[in-house]
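S.K.: This one is coords06.txt, compact mmCIF, C-alpha atoms.
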```
# COMPACT_ATOMS: atom_id res chain seq x y z
CA MET T 168 -14.41 -18.29 22.56
CA GLN T 169 -13.30 -19.03 19.00
CA LEU T 170 -10.29 -17.13 17.68
CA GLY T 171 -12.26 -15.12 15.12
CA HIS T 172 -14.72 -14.06 17.83
CA LYS T 173 -11.84 -13.03 20.08
CA LEU T 174 -10.53 -10.81 17.30
CA SER T 175 -14.02 -9.39 16.73
CA PHE T 176 -14.31 -8.65 20.45
CA LEU T 177 -11.05 -6.70 20.36
CA ILE T 178 -12.21 -4.71 17.33
CA LYS T 179 -15.61 -3.83 18.76
CA ASN T 180 -14.34 -2.89 22.23
CA THR T 181 -11.45 -0.67 21.20
CA PRO T 182 -12.02 2.82 22.62
CA ILE T 183 -11.63 5.83 20.36
CA ILE T 184 -7.91 6.56 20.22
CA GLU T 185 -6.74 9.70 21.99
CA GLN T 186 -2.99 9.06 21.96
CA GLN T 187 -1.56 11.92 19.92
CA SER T 188 1.32 9.96 18.39
CA VAL T 189 -1.09 7.34 17.01
CA LEU T 190 -3.47 9.98 15.64
CA GLU T 191 -0.54 11.75 13.96
CA CYS T 192 0.47 8.53 12.22
CA ALA T 193 -3.11 8.06 11.02
CA ILE T 194 -3.24 11.67 9.79
CA ASN T 195 -0.03 11.11 7.84
CA GLY T 196 -1.58 8.03 6.26
CA VAL T 197 -4.66 10.00 5.15
CA ILE T 198 -2.50 12.79 3.72
CA ASP T 199 -0.42 10.29 1.77
CA TYR T 200 -3.57 8.51 0.60
CA PHE T 201 -5.00 11.68 -0.95
CA ALA T 202 -1.64 12.57 -2.47
CA SER T 203 -1.32 9.14 -4.08
CA SER T 204 -4.93 9.11 -5.30
CA LEU T 205 -5.05 12.64 -6.69
CA GLN T 206 -1.72 12.19 -8.48
CA ALA T 207 -3.33 9.36 -10.48
CA SER T 208 -6.70 11.02 -11.16
CA ASN T 209 -5.98 11.67 -14.84
CA GLU T 210 -4.24 8.40 -15.64
CA THR T 211 -5.49 6.55 -18.74
CA ASN T 212 -6.43 3.41 -16.83
CA VAL T 213 -8.33 5.47 -14.25
CA LYS T 214 -10.36 7.04 -17.06
CA LYS T 215 -11.13 3.58 -18.46
CA LEU T 216 -12.49 2.41 -15.12
CA LEU T 217 -14.45 5.63 -14.74
CA ALA T 218 -16.05 5.06 -18.15
CA TRP T 219 -17.05 1.55 -17.08
CA ILE T 220 -18.69 2.93 -13.92
CA ASN T 221 -20.54 5.56 -15.95
CA ASP T 222 -21.84 2.85 -18.26
CA GLU T 223 -22.96 0.63 -15.39
CA GLY T 224 -24.82 3.42 -13.60
CA GLY T 225 -26.45 3.24 -10.18
CA HIS T 226 -27.42 5.35 -7.19
CA ASN T 227 -25.09 8.27 -6.51
CA ARG T 228 -24.16 7.90 -2.85
CA ALA T 229 -20.37 7.79 -2.41
CA TRP T 230 -17.47 9.93 -3.61
CA LEU T 231 -15.15 8.95 -6.44
CA ILE T 232 -12.13 10.82 -5.13
CA GLY T 233 -10.79 13.55 -7.36
CA GLN T 234 -13.48 13.10 -10.02
CA LYS T 235 -16.25 15.51 -8.86
CA LYS T 236 -18.58 12.54 -9.16
CA GLN T 237 -20.55 10.17 -6.94
CA ALA T 238 -21.44 6.53 -7.53
CA THR T 239 -22.63 3.48 -5.60
CA SER T 240 -20.59 2.48 -2.56
CA ARG T 241 -19.36 -0.68 -4.29
CA GLN T 242 -18.28 1.30 -7.35
CA ALA T 243 -16.60 3.93 -5.21
CA ALA T 244 -14.65 1.32 -3.26
CA LEU T 245 -13.47 -0.33 -6.47
CA PHE T 246 -12.59 2.96 -8.13
CA ASN T 247 -10.94 4.63 -5.15
CA GLY T 248 -8.79 1.59 -4.39
CA PHE T 249 -7.72 1.33 -8.03
CA GLN T 250 -6.87 5.02 -8.30
CA ALA T 251 -5.02 5.18 -4.96
CA HIS T 252 -2.82 2.25 -6.00
CA CYS T 253 -2.63 3.06 -9.71
CA LEU T 254 0.88 4.54 -9.65
CA ASP T 255 2.23 2.24 -6.93
CA TYR T 256 2.81 5.53 -5.12
CA ASP T 257 0.84 4.64 -1.98
CA ASP T 258 2.10 3.43 1.39
CA VAL T 259 3.18 -0.09 2.32
CA HIS T 260 3.61 -1.99 5.58
CA SER T 261 6.43 -4.46 6.15
CA ASP T 262 4.29 -6.88 8.20
CA VAL T 263 1.67 -6.97 5.45
CA ARG T 264 4.03 -7.07 2.47
CA GLY T 265 1.36 -5.01 0.77
CA HIS T 266 -0.50 -1.72 0.62
CA PRO T 267 -2.92 -1.14 3.52
CA SER T 268 -4.21 2.40 3.08
CA ALA T 269 -5.24 2.08 -0.56
CA VAL T 270 -7.66 -0.63 0.56
CA ILE T 271 -8.73 0.43 4.05
CA LEU T 272 -9.24 4.14 3.41
CA SER T 273 -10.87 3.50 0.05
CA ALA T 274 -13.41 1.24 1.74
CA LEU T 275 -13.98 3.64 4.62
CA PHE T 276 -14.55 6.62 2.32
CA ALA T 277 -16.79 4.57 0.03
CA SER T 278 -18.90 3.47 3.01
CA ILE T 279 -19.84 7.08 3.79
CA ARG T 280 -23.15 7.96 2.15
CA LEU T 281 -23.22 11.59 1.09
CA ASP T 282 -26.99 11.34 0.53
CA ASP T 283 -27.42 10.83 4.29
CA SER T 284 -27.52 14.26 5.90
CA LEU T 285 -28.64 13.05 9.34
CA THR T 286 -25.72 10.93 10.56
CA ASN T 287 -22.48 12.48 11.81
CA LEU T 288 -19.21 10.55 11.92
CA ASP T 289 -16.61 11.73 14.42
CA GLY T 290 -13.21 12.15 12.78
CA ARG T 291 -11.45 10.47 15.70
CA ARG T 292 -13.64 7.40 15.33
CA PHE T 293 -12.83 7.39 11.61
CA LEU T 294 -9.10 7.54 12.34
CA THR T 295 -9.45 4.79 14.98
CA ALA T 296 -11.25 2.60 12.44
CA TYR T 297 -8.36 3.13 10.03
CA VAL T 298 -5.80 2.24 12.71
CA ILE T 299 -7.79 -0.92 13.55
CA GLY T 300 -7.81 -1.92 9.89
CA ILE T 301 -4.03 -1.66 9.73
CA GLU T 302 -3.74 -3.61 12.99
CA VAL T 303 -5.82 -6.50 11.61
CA MET T 304 -3.99 -6.53 8.28
CA ALA T 305 -0.57 -6.50 9.97
CA LEU T 306 -1.44 -9.23 12.48
CA LEU T 307 -2.68 -11.49 9.69
CA GLY T 308 0.34 -10.60 7.57
CA ARG T 309 2.73 -11.60 10.33
CA CYS T 310 1.01 -14.99 10.49
CA VAL T 311 0.91 -15.90 6.81
CA ASN T 312 4.11 -14.29 5.48
CA PRO T 313 6.61 -14.82 4.03
CA GLU T 314 5.20 -18.13 2.70
CA HIS T 315 1.87 -16.58 1.65
CA TYR T 316 3.49 -13.83 -0.40
CA GLU T 317 6.27 -15.96 -1.83
CA LYS T 318 3.78 -18.62 -2.93
CA GLY T 319 2.20 -16.02 -5.21
CA TRP T 320 -0.66 -14.46 -3.26
CA HIS T 321 -1.00 -10.68 -3.46
CA ALA T 322 -1.38 -9.72 0.20
CA THR T 323 -2.90 -6.33 -0.62
CA ILE T 324 -6.12 -8.06 -1.67
CA THR T 325 -6.03 -11.31 0.32
CA LEU T 326 -5.53 -9.50 3.64
CA GLY T 327 -6.90 -6.09 2.69
CA GLY T 328 -10.55 -7.01 2.33
CA ILE T 329 -10.63 -8.51 5.83
CA ALA T 330 -8.85 -5.49 7.30
CA ALA T 331 -11.14 -2.99 5.57
CA THR T 332 -14.19 -4.92 6.76
CA ALA T 333 -12.94 -4.66 10.34
CA ALA T 334 -12.51 -0.91 9.88
CA ILE T 335 -16.01 -0.36 8.48
CA CYS T 336 -17.61 -2.47 11.20
CA TYR T 337 -15.87 -0.42 13.87
CA LEU T 338 -16.77 2.90 12.26
CA TYR T 339 -20.49 2.06 12.33
CA ASP T 340 -20.38 -0.09 15.50
CA GLU T 341 -21.89 -3.04 13.66
CA PRO T 342 -23.06 -6.02 15.77
CA PHE T 343 -21.98 -8.68 13.25
CA ILE T 344 -18.21 -8.20 13.04
CA ALA T 345 -17.33 -11.91 13.21
CA GLN T 346 -19.70 -12.76 10.35
CA ALA T 347 -18.47 -9.80 8.31
CA LEU T 348 -14.86 -10.95 8.63
CA THR T 349 -15.93 -14.39 7.42
CA LEU T 350 -17.70 -12.93 4.38
CA ALA T 351 -14.63 -10.85 3.58
CA ALA T 352 -12.29 -13.80 4.05
CA THR T 353 -14.24 -16.06 1.69
CA GLN T 354 -13.80 -13.45 -1.07
CA ALA T 355 -10.00 -13.33 -0.67
CA SER T 356 -8.00 -14.01 -3.83
CA GLY T 357 -5.46 -12.31 -6.07
CA MET T 358 -2.20 -13.41 -7.70
CA ARG T 359 1.13 -11.58 -7.77
CA LEU T 360 1.37 -12.89 -11.31
CA LEU T 361 -0.57 -9.76 -12.29
CA MET T 362 2.13 -7.36 -11.09
CA GLY T 363 3.18 -5.10 -13.93
CA THR T 364 -0.39 -4.92 -15.25
CA PRO T 365 -3.34 -2.66 -14.33
CA ILE T 366 -5.01 -5.62 -12.61
CA LYS T 367 -2.48 -5.29 -9.80
CA PHE T 368 -4.04 -1.92 -9.00
CA LEU T 369 -7.52 -3.34 -9.41
CA HIS T 370 -6.69 -5.73 -6.56
CA ALA T 371 -6.74 -2.82 -4.09
CA GLY T 372 -10.15 -1.77 -5.37
CA LEU T 373 -11.52 -5.30 -5.27
CA ALA T 374 -10.39 -5.72 -1.66
CA ALA T 375 -12.16 -2.47 -0.70
CA GLN T 376 -15.24 -3.64 -2.58
CA HIS T 377 -15.17 -6.97 -0.75
CA ALA T 378 -15.46 -5.06 2.52
CA ILE T 379 -18.42 -2.97 1.32
CA GLN T 380 -20.17 -6.10 0.08
CA ALA T 381 -19.56 -8.09 3.25
CA VAL T 382 -21.13 -5.39 5.43
CA ASP T 383 -23.99 -4.64 3.05
CA TRP T 384 -24.95 -8.31 2.69
CA LEU T 385 -25.17 -8.70 6.45
CA ARG T 386 -27.21 -5.52 6.76
CA ALA T 387 -29.55 -7.09 4.19
CA GLY T 388 -29.97 -10.13 6.42
CA ILE T 389 -27.70 -12.66 4.69
CA SER T 390 -25.85 -14.57 7.41
CA ALA T 391 -22.40 -16.14 7.59
CA ASP T 392 -22.27 -17.68 11.05
CA LYS T 393 -18.85 -19.31 10.80
CA ASP T 394 -15.48 -18.44 12.33
CA PHE T 395 -13.10 -17.30 9.59
CA LEU T 396 -10.19 -18.40 11.79
CA ASP T 397 -11.49 -21.95 12.24
CA GLU T 398 -8.39 -24.02 12.97
CA ASN T 399 -9.15 -26.68 10.37
CA LEU T 400 -10.84 -24.90 7.45
CA GLY T 401 -10.29 -21.24 8.28
CA PHE T 402 -8.37 -18.49 6.52
CA LEU T 403 -5.00 -19.10 8.17
CA SER T 404 -5.25 -22.85 7.58
CA ILE T 405 -5.81 -22.28 3.87
CA TYR T 406 -3.66 -19.25 3.14
CA GLY T 407 -1.04 -19.52 5.86
CA GLN T 408 0.53 -22.00 8.20
CA GLY T 409 -2.34 -22.47 10.66
CA ASN T 410 -3.45 -20.46 13.68
CA ASP T 411 -0.47 -21.02 15.95
CA ASP T 412 1.21 -17.71 15.14
CA LEU T 413 -1.81 -15.41 15.58
CA ASP T 414 -1.07 -13.81 18.93
CA LEU T 415 -3.91 -11.48 19.87
CA THR T 416 -2.17 -10.49 23.11
CA VAL T 417 -0.04 -8.07 21.07
CA TRP T 418 -3.13 -6.14 19.91
CA ALA T 419 -2.26 -2.43 20.07
CA LYS T 420 0.99 -3.11 21.96
CA PRO T 421 1.94 -0.89 20.25
CA TRP T 422 -0.42 -0.18 17.36
CA LYS T 423 1.11 -1.49 14.13
CA ILE T 424 0.64 1.92 12.50
CA ILE T 425 3.29 3.04 15.03
CA LYS T 426 5.61 0.03 14.97
CA PRO T 427 6.81 -1.05 12.50
CA GLY T 428 4.75 1.78 10.94
CA LEU T 429 3.72 2.85 7.48
CA TRP T 430 6.29 3.16 4.73
CA PHE T 431 5.66 6.20 2.49
CA LYS T 432 6.90 6.66 -1.06
CA THR T 433 7.81 9.53 -3.36
CA TYR T 434 8.47 7.19 -6.26
CA SER T 435 6.25 5.19 -8.59
CA TYR T 436 7.72 1.72 -8.18
CA CYS T 437 7.66 -1.19 -5.77
CA SER T 438 9.08 -0.41 -2.33
CA ALA T 439 11.19 -3.57 -2.54
CA ALA T 440 13.23 -1.71 -5.16
CA SER T 441 13.82 1.28 -2.88
CA TYR T 442 16.93 -0.42 -1.49
CA ILE T 443 18.23 -0.74 -5.04
CA ALA T 444 17.36 2.85 -5.90
CA ASP T 445 19.01 4.33 -2.81
CA ALA T 446 22.16 2.29 -3.38
CA GLY T 447 22.19 3.22 -7.07
CA LYS T 448 21.97 6.93 -6.30
CA LEU T 449 24.99 6.69 -4.01
CA LEU T 450 26.98 4.69 -6.58
CA TYR T 451 26.13 7.21 -9.30
CA LYS T 452 27.85 9.88 -7.18
CA HIS T 453 30.93 7.72 -6.48
CA PRO T 454 34.12 9.39 -7.80
CA LYS T 455 35.15 6.20 -9.63
CA PHE T 456 31.77 5.64 -11.30
CA ASN T 457 31.68 5.63 -15.10
CA VAL T 458 28.66 4.04 -16.72
CA ASP T 459 30.48 3.53 -20.03
CA ASN T 460 33.12 1.30 -18.42
CA ILE T 461 30.83 -1.09 -16.56
CA LYS T 462 31.74 -4.73 -17.08
CA HIS T 463 29.05 -6.31 -14.92
CA ILE T 464 26.86 -5.59 -11.89
CA THR T 465 25.78 -7.95 -9.12
CA LEU T 466 22.71 -7.27 -7.01
CA PHE T 467 23.01 -9.11 -3.71
CA PHE T 468 19.71 -9.67 -1.84
CA ALA T 469 19.39 -10.78 1.77
CA PRO T 470 17.61 -12.77 2.94
CA VAL T 471 16.76 -15.18 0.12
CA ASN T 472 13.48 -14.29 -1.63
CA SER T 473 13.52 -10.72 -0.31
CA ASP T 474 13.27 -9.76 -4.00
CA ALA T 475 10.09 -11.80 -4.52
CA ALA T 476 8.11 -8.70 -5.52
CA LEU T 477 10.67 -7.78 -8.19
CA ILE T 478 9.45 -10.40 -10.62
CA TYR T 479 10.88 -8.91 -13.85
CA LYS T 480 14.59 -9.36 -14.43
CA GLN T 481 14.28 -8.37 -18.08
CA PRO T 482 11.05 -6.35 -18.35
CA LEU T 483 9.51 -5.89 -21.77
CA SER T 484 7.82 -2.59 -20.97
CA ALA T 485 8.49 0.35 -18.69
CA GLU T 486 5.25 -0.46 -16.86
CA GLN T 487 6.70 -3.85 -15.89
CA GLY T 488 9.77 -1.92 -14.78
CA ARG T 489 7.95 -0.93 -11.58
CA PHE T 490 8.72 -4.46 -10.41
CA SER T 491 12.24 -4.78 -11.79
CA ALA T 492 15.36 -4.09 -9.74
CA GLU T 493 17.38 -4.16 -12.95
CA TYR T 494 15.29 -1.55 -14.75
CA ILE T 495 15.23 0.89 -11.84
CA LEU T 496 18.96 0.54 -11.24
CA ALA T 497 19.68 1.05 -14.96
CA LEU T 498 17.66 4.26 -14.99
CA ILE T 499 19.54 5.68 -12.04
CA LEU T 500 23.01 4.66 -13.27
CA LEU T 501 22.24 6.24 -16.65
CA GLY T 502 21.25 9.49 -14.94
CA ILE T 503 17.57 9.15 -15.83
CA ALA T 504 15.22 10.32 -13.08
CA PRO T 505 12.84 7.46 -12.16
CA ASP T 506 9.75 9.68 -12.39
CA PHE T 507 6.21 8.81 -13.47
CA GLU T 508 7.12 9.04 -17.15
CA GLN T 509 9.53 6.12 -16.82
CA PHE T 510 6.80 3.64 -15.80
CA THR T 511 4.28 3.95 -18.61
CA GLU T 512 3.45 1.38 -21.28
CA LYS T 513 6.29 2.57 -23.53
CA THR T 514 9.01 0.21 -24.70
CA ILE T 515 12.37 0.26 -22.96
CA ALA T 516 15.18 2.11 -24.73
CA ASP T 517 18.20 0.17 -26.03
CA ASN T 518 20.71 1.81 -23.68
CA ILE T 519 18.62 0.72 -20.69
CA GLN T 520 18.21 -2.80 -22.09
CA ASN T 521 21.95 -3.06 -22.71
CA LEU T 522 22.82 -2.05 -19.16
CA MET T 523 20.27 -4.49 -17.69
CA GLN T 524 21.98 -7.28 -19.66
CA LYS T 525 25.09 -6.70 -17.53
CA MET T 526 23.25 -7.36 -14.26
CA GLN T 527 22.74 -10.52 -12.28
CA ARG T 528 21.13 -11.29 -8.93
CA SER T 529 22.80 -13.21 -6.14
CA TYR T 530 21.87 -14.41 -2.67
CA ALA T 531 25.37 -15.53 -1.68
CA ILE T 532 25.90 -12.98 1.05
CA GLN T 533 26.54 -13.71 4.71
CA LEU T 534 26.84 -10.25 6.29
CA PRO T 535 24.73 -9.71 9.43
CA PRO T 536 21.64 -7.54 8.98
CA HIS T 537 21.40 -4.11 10.54
CA PRO T 538 19.58 -4.34 13.91
CA ASP T 539 16.90 -1.93 12.64
CA ALA T 540 16.48 -3.62 9.24
CA TYR T 541 12.93 -4.63 8.30
CA ASN T 542 12.57 -8.41 8.21
CA LYS T 543 16.41 -8.57 8.20
CA ARG T 544 16.48 -7.18 4.66
CA TYR T 545 19.32 -5.35 2.99
CA VAL T 546 20.85 -5.02 -0.46
CA VAL T 547 24.44 -4.74 -1.68
CA ILE T 548 25.21 -3.62 -5.23
CA GLU T 549 28.66 -4.33 -6.62
CA ILE T 550 29.86 -2.82 -9.90
CA VAL T 551 32.93 -4.21 -11.68
CA PHE T 552 34.50 -2.02 -14.36
CA ASP T 553 36.49 -3.01 -17.46
CA ASN T 554 39.77 -2.53 -15.56
CA ASN T 555 38.41 -4.94 -12.87
CA GLN T 556 38.18 -2.21 -10.27
CA LYS T 557 35.11 -2.53 -8.03
CA ILE T 558 32.81 -0.22 -6.16
CA SER T 559 29.93 -1.33 -3.95
CA GLN T 560 27.12 0.10 -1.83
CA ARG T 561 24.94 -1.40 0.88
CA VAL T 562 21.51 -0.11 1.96
CA ASP T 563 19.62 -1.42 5.00
CA ILE T 564 17.01 1.24 5.73
CA PRO T 565 15.67 3.05 2.64
CA LYS T 566 14.39 6.60 2.64
CA GLY T 567 10.66 6.80 3.40
CA SER T 568 10.66 3.72 5.61
CA PRO T 569 9.52 4.30 9.21
CA LYS T 570 13.07 4.43 10.59
CA ASN T 571 14.22 6.78 7.84
CA PRO T 572 11.01 8.78 7.38
CA TYR T 573 10.00 11.73 5.31
CA SER T 574 9.43 14.93 7.22
CA GLN T 575 6.00 16.53 7.63
CA GLN T 576 7.08 19.06 5.03
CA GLU T 577 8.02 16.33 2.56
CA LEU T 578 4.68 14.57 3.03
CA ALA T 579 2.82 17.85 2.57
CA ALA T 580 4.89 18.53 -0.55
CA LYS T 581 3.70 15.21 -2.01
CA LEU T 582 0.09 16.37 -1.55
CA PHE T 583 0.80 19.81 -3.02
CA ALA T 584 2.49 18.19 -6.04
CA ALA T 585 -0.63 16.08 -6.64
CA LEU T 586 -2.97 19.06 -6.19
CA PRO T 587 -1.19 22.08 -7.70
CA ASN T 588 -3.92 24.52 -6.61
CA GLU T 589 -2.26 25.74 -3.42
CA VAL T 590 -5.45 27.06 -1.83
CA LYS T 591 -7.32 23.77 -2.33
CA ALA T 592 -4.34 21.74 -1.15
CA GLN T 593 -3.89 23.82 1.99
CA GLN T 594 -7.59 23.58 2.86
CA LEU T 595 -7.57 19.80 2.37
CA LEU T 596 -4.45 19.49 4.51
CA SER T 597 -6.04 21.58 7.29
CA ASP T 598 -9.26 19.56 7.22
CA ILE T 599 -7.39 16.25 7.39
CA HIS T 600 -5.55 17.48 10.49
CA ALA T 601 -8.90 18.59 11.97
CA LEU T 602 -10.10 14.97 12.02
CA ALA T 603 -7.91 14.41 15.07
CA ASN T 604 -10.00 17.02 16.87
CA GLY T 605 -13.24 15.24 16.03
CA MET T 606 -14.33 17.07 12.88
CA ASP T 607 -17.17 15.21 11.13
CA ILE T 608 -15.61 13.15 8.33
CA LYS T 609 -18.70 13.88 6.24
CA GLN T 610 -17.88 17.57 6.48
CA LEU T 611 -14.48 16.88 4.91
CA LEU T 612 -16.04 14.90 2.09
CA ARG T 613 -18.81 17.41 1.41
CA SER T 614 -16.30 20.28 1.45
CA HIS T 615 -13.95 18.73 -1.08
CA TRP T 616 -15.75 16.28 -3.38
CA GLN T 617 -16.64 19.00 -5.90
CA ARG T 618 -13.41 20.95 -5.39
CA LEU T 619 -10.67 18.39 -5.98
```
For this file, produce the structure as C-alpha cells.
M.R.:
Amino acid sequence: MQLGHKLSFLIKNTPIIEQQSVLECAINGVIDYFASSLQASNETNVKKLLAWINDEGGHNRAWLIGQKKQATSRQAALFNGFQAHCLDYDDVHSDVRGHPSAVILSALFASIRLDDSLTNLDGRRFLTAYVIGIEVMALLGRCVNPEHYEKGWHATITLGGIAATAAICYLYDEPFIAQALTLAATQASGMRLLMGTPIKFLHAGLAAQHAIQAVDWLRAGISADKDFLDENLGFLSIYGQGNDDLDLTVWAKPWKIIKPGLWFKTYSYCSAASYIADAGKLLYKHPKFNVDNIKHITLFFAPVNSDAALIYKQPLSAEQGRFSAEYILALILLGIAPDFEQFTEKTIADNIQNLMQKMQRSYAIQLPPHPDAYNKRYVVIEIVFDNNQKISQRVDIPKGSPKNPYSQQELAAKLFAALPNEVKAQQLLSDIHALANGMDIKQLLRSHWQRL
C-alpha cells in the first residue's frame, strides 16, 4: 500500500475518541478558537474581507463566525480562517511551526451546511475530526521542518489545507480520502515573506478553503487518483526532505493534541517572541533595571534559526512588530503593555525606535537546553548598563505553552474578554463542553450564529 493510502486508512478507521483527556484538549482548542475569532470580529481588515464576500454573493449555507451572517462554504472557510488568525491570537503547535486550529476548525465549521436540517453531526465525531486534523498536520510538520519553515514556506497554509481536508473527510466519512489529500496538497503554497501583512492571516483562510474545495470537487466527480506522498514527486519530496521521516507507527501514540500539545496565547504577537516577552517582564522587575541607563542589549537565541519567524529586526510599523523580538522587548522594557493597540498599522514611536537601536541578536550560546524545552529552544537576554553592570534572564518554557499552560479559568477568561456579554459567553462555553457528550454540532451553530 502506498504511503498516502496508509495515512488515509488510518484517518478513515480511527474510532470516535472517548478518552476524556483527549476530548478535554480538543474542547480547550475550540474555546480558544472562538475567543481568538470573536476578539477580531470588528477589525478593519475583517470588515474589508466581509465587504468583498457581500459583493461576490452566493448561496447562504455556512456561518461567518461572529457576523450574524451566512455565506457559501468556500467563503466561510476563507473568512473564518482569516478572522481566527487576524490578531495572531490563536493557538500554535511546535511540531507544525504554525497555527492548526485557525485552519482546521474554520474548515470544519464552514463544511457544516445550516440549510440542511436533516443531517445530525455528533459532537464527539466533530472533536475527533479536529484531533485527526492536528495529528496529520503535526506528523507532516515533523517531517518537513525545520528546513521547510526556514526556507520561507508558511506552514500554516502549506500543511493546514491537507490537515483540514483530512478532518472534513473523517467528519463525513468520505470514501475518497486519499484523493482529497492529493487535491489539498497540490494547492499548497504560501510565503513567510508576507508576515507582518494581512495576507499572513489570509493564509489560514486559504488553507481552510483549499480543504472545502478539495472535498467539494471530489463530490462533484472530479478525480485525483494519485498518491500525494509519492516518493519521487509527492508533497514531502517537493516541500520537505523525502518520505523517510514520516513514521505512521506513531499515529495517536499519543495524539499530538496531547503531546506536545497546543500552545495557547493571551497576546497578539508571534509565539516565537513569547520567550522574549517573558524574559523582558522579569528583567523589568529586576532591582537593578533602569531603562534610561541601558547601554546595549543582546538577545541570544538557541538553537540557530529559532528566531526565523521574527523577521523584523527594525520594523517600520507596529503591525510588523508582531514578528519583531526587538519591538516586543522594547515595549515591555519601556513599561508599555503589549496589548492589541500596540500592533496596529500606526508608526512606531521614537522612544521605542531608539531602544530597538541598542539591541542585537546573537547565536553564540552553548548552554544545554532544558529537558522539557520545545525543539531545544530557549532565549537569554543580557542588558548592559552605562556603568557596565549586567543583568540577564533566561526563558525555556514560556507561559501558555503546553508545559506551562493557562488554567481553565484563564482560557475561559479569554473567551469572556472577546464576548463581553456574560450570558452569551457562558452559554457558548457550556455548549462547547457539551460536544464531548455528543451534542449535535449543528445545534451549537444554530443556537449561536445569530447571537454572537
S.K.: Interatomic distance between atom CA of Ser574 of chain T and atom CA of Phe431 of chain T?
M.R.: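 Answer for the atom CA of Ser574 of chain T to atom CA of Phe431 of chain T separation: 10.6 Å.
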S.K.: Looking at T:Leu403, T:Val189, T:Ala351, T:Leu245, which one is nearest to Leu294 of chain T, with distances taken over all atoms listed in the file?
M.R.: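 Distance minimum relative to Leu294 of chain T lands on T:Val189.
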S.K.: Find, counting all atoms listed in the file, the residue in T:Arg228, T:Arg309, T:Arg359, T:Lys236 that gets nearest to Thr323 of chain T.
M.R.: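 Ranking T:Arg228, T:Arg309, T:Arg359, T:Lys236 by distance to Thr323 of chain T, first place goes to T:Arg359.
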S.K.: Out of T:Tyr200, T:Phe402, T:Trp219, T:Trp384, which residue has the shortest atom-to-atom distance to Gly171 of chain T when counting only C-alpha atoms?
M.R.: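 Going through T:Tyr200, T:Phe402, T:Trp219, T:Trp384 one by one, the smallest distance to Gly171 of chain T is for T:Phe402.
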S.K.: Can you pull out the residues contacting Thr433 of chain T? Cut-off 8 Å, using only C-alpha atoms, and skip same-chain residues under 3 positions away; I want them as a tab-separated table (two decimals) with C-alpha atoms, in the coordinates of the input.
M.R.:
```tsv
chain	number	residue	atom	x	y	z
T	256	TYR	CA	2.81	5.53	-5.12
T	567	GLY	CA	10.66	6.80	3.40
T	581	LYS	CA	3.70	15.21	-2.01
```
S.K.: Please indicate the distance in Å from atom CA of Asn588 of chain T to atom CA of Trp230 of chain T, rounded to one decimal place.
M.R.: 20.1 Å
S.K.: Excluding Ala333 of chain T and any residue of its chain fewer than 5 positions from it, enumerate the residues within 9 Å of it, using all atoms listed in the file, and give them as a short mmCIF file (atom, residue, chain, number, x, y, z; two decimals) with C-alpha atoms, in the frame of the given file.
M.R.:
```
data_model
loop_
_atom_site.label_atom_id
_atom_site.label_comp_id
_atom_site.auth_asym_id
_atom_site.auth_seq_id
_atom_site.Cartn_x
_atom_site.Cartn_y
_atom_site.Cartn_z
CA SER T 175 -14.02 -9.39 16.73
CA ILE T 178 -12.21 -4.71 17.33
CA LYS T 179 -15.61 -3.83 18.76
CA ALA T 296 -11.25 2.60 12.44
CA ILE T 299 -7.79 -0.92 13.55
CA GLY T 300 -7.81 -1.92 9.89
CA VAL T 303 -5.82 -6.50 11.61
CA GLY T 328 -10.55 -7.01 2.33
CA LEU T 338 -16.77 2.90 12.26
CA ILE T 344 -18.21 -8.20 13.04
CA ALA T 345 -17.33 -11.91 13.21
CA ALA T 347 -18.47 -9.80 8.31
CA LEU T 348 -14.86 -10.95 8.63
CA ALA T 378 -15.46 -5.06 2.52
#
```
S.K.: Fewer than 4 positions away in the same chain doesn't count, so skip those; otherwise give me all residues within 10 Å of segment 257-262 of chain T, counting only C-alpha atoms, as a PyMOL selection string.
M.R.: chain T and resi 196+199-204+250-253+266-269+301-302+304-313+323+423-424+426-439+541-542+567-569
S.K.: Nearest to Asp392 of chain T: which of T:Gln187, T:His172, T:Tyr337, T:Gln380 is it, counting all atoms listed in the file?
M.R.: T:His172
S.K.: Would you please work out which residue, of T:Asp222, T:Asp563, T:Glu210, T:Glu512, is nearest to Gly488 of chain T when using all atoms listed in the file?
M.R.: T:Glu512
S.K.: Nearest to Glu493 of chain T among T:Glu341, T:Glu398, T:Glu317, T:Asp474, with distances taken over all atoms listed in the file: which residue is it?
M.R.: T:Asp474
S.K.: I'd like the contact shell of Asp539 of chain T - 9 Å cut-off, only C-alpha atoms, skipping same-chain residues fewer than 4 positions apart - returned as a list in words.
M.R.: Lys543, Asp563, Ile564 and Lys570 of chain T
S.K.: Can you tell me how far atom CA of Val213 of chain T sits from atom CA of Asp607 of chain T, in Å to one decimal?
M.R.: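 Between atom CA of Val213 of chain T and atom CA of Asp607 of chain T the gap works out to 28.6 Å.
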S.K.: What's around segment 515-531 of chain T at 8 Å? Count all atoms listed in the file, leave out sequence neighbours fewer than 2 positions away in its own chain, and write the answer as a list in words.
M.R.: Lys462, His463, Ile464, Thr465, Leu466, Phe467, Phe468, Ala469, Pro470, Val471, Gln481, Leu483, Ser484, Ala485, Glu493, Tyr494, Ala497, Leu498, Leu501, Lys513 and Gln533 of chain T
S.K.: I need segment 544-557 of chain T from the structure I supplied, saved as a CSV table (one decimal), in the first residue's frame with C-alpha atoms retained.
M.R.:
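Resulting contents of part03.csv:
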```
chain,number,residue,atom,x,y,z
T,544,ARG,CA,14.7,26.3,22.2
T,545,TYR,CA,15.5,28.9,24.8
T,546,VAL,CA,16.3,32.6,24.9
T,547,VAL,CA,18.7,34.6,27.1
T,548,ILE,CA,18.5,38.4,27.2
T,549,GLU,CA,21.5,40.3,28.6
T,550,ILE,CA,21.3,44.0,29.3
T,551,VAL,CA,24.5,46.1,29.8
T,552,PHE,CA,24.1,49.4,31.5
T,553,ASP,CA,26.2,52.6,31.2
T,554,ASN,CA,28.3,51.6,34.2
T,555,ASN,CA,29.0,48.2,32.5
T,556,GLN,CA,26.9,46.3,35.1
T,557,LYS,CA,24.9,43.5,33.6
```
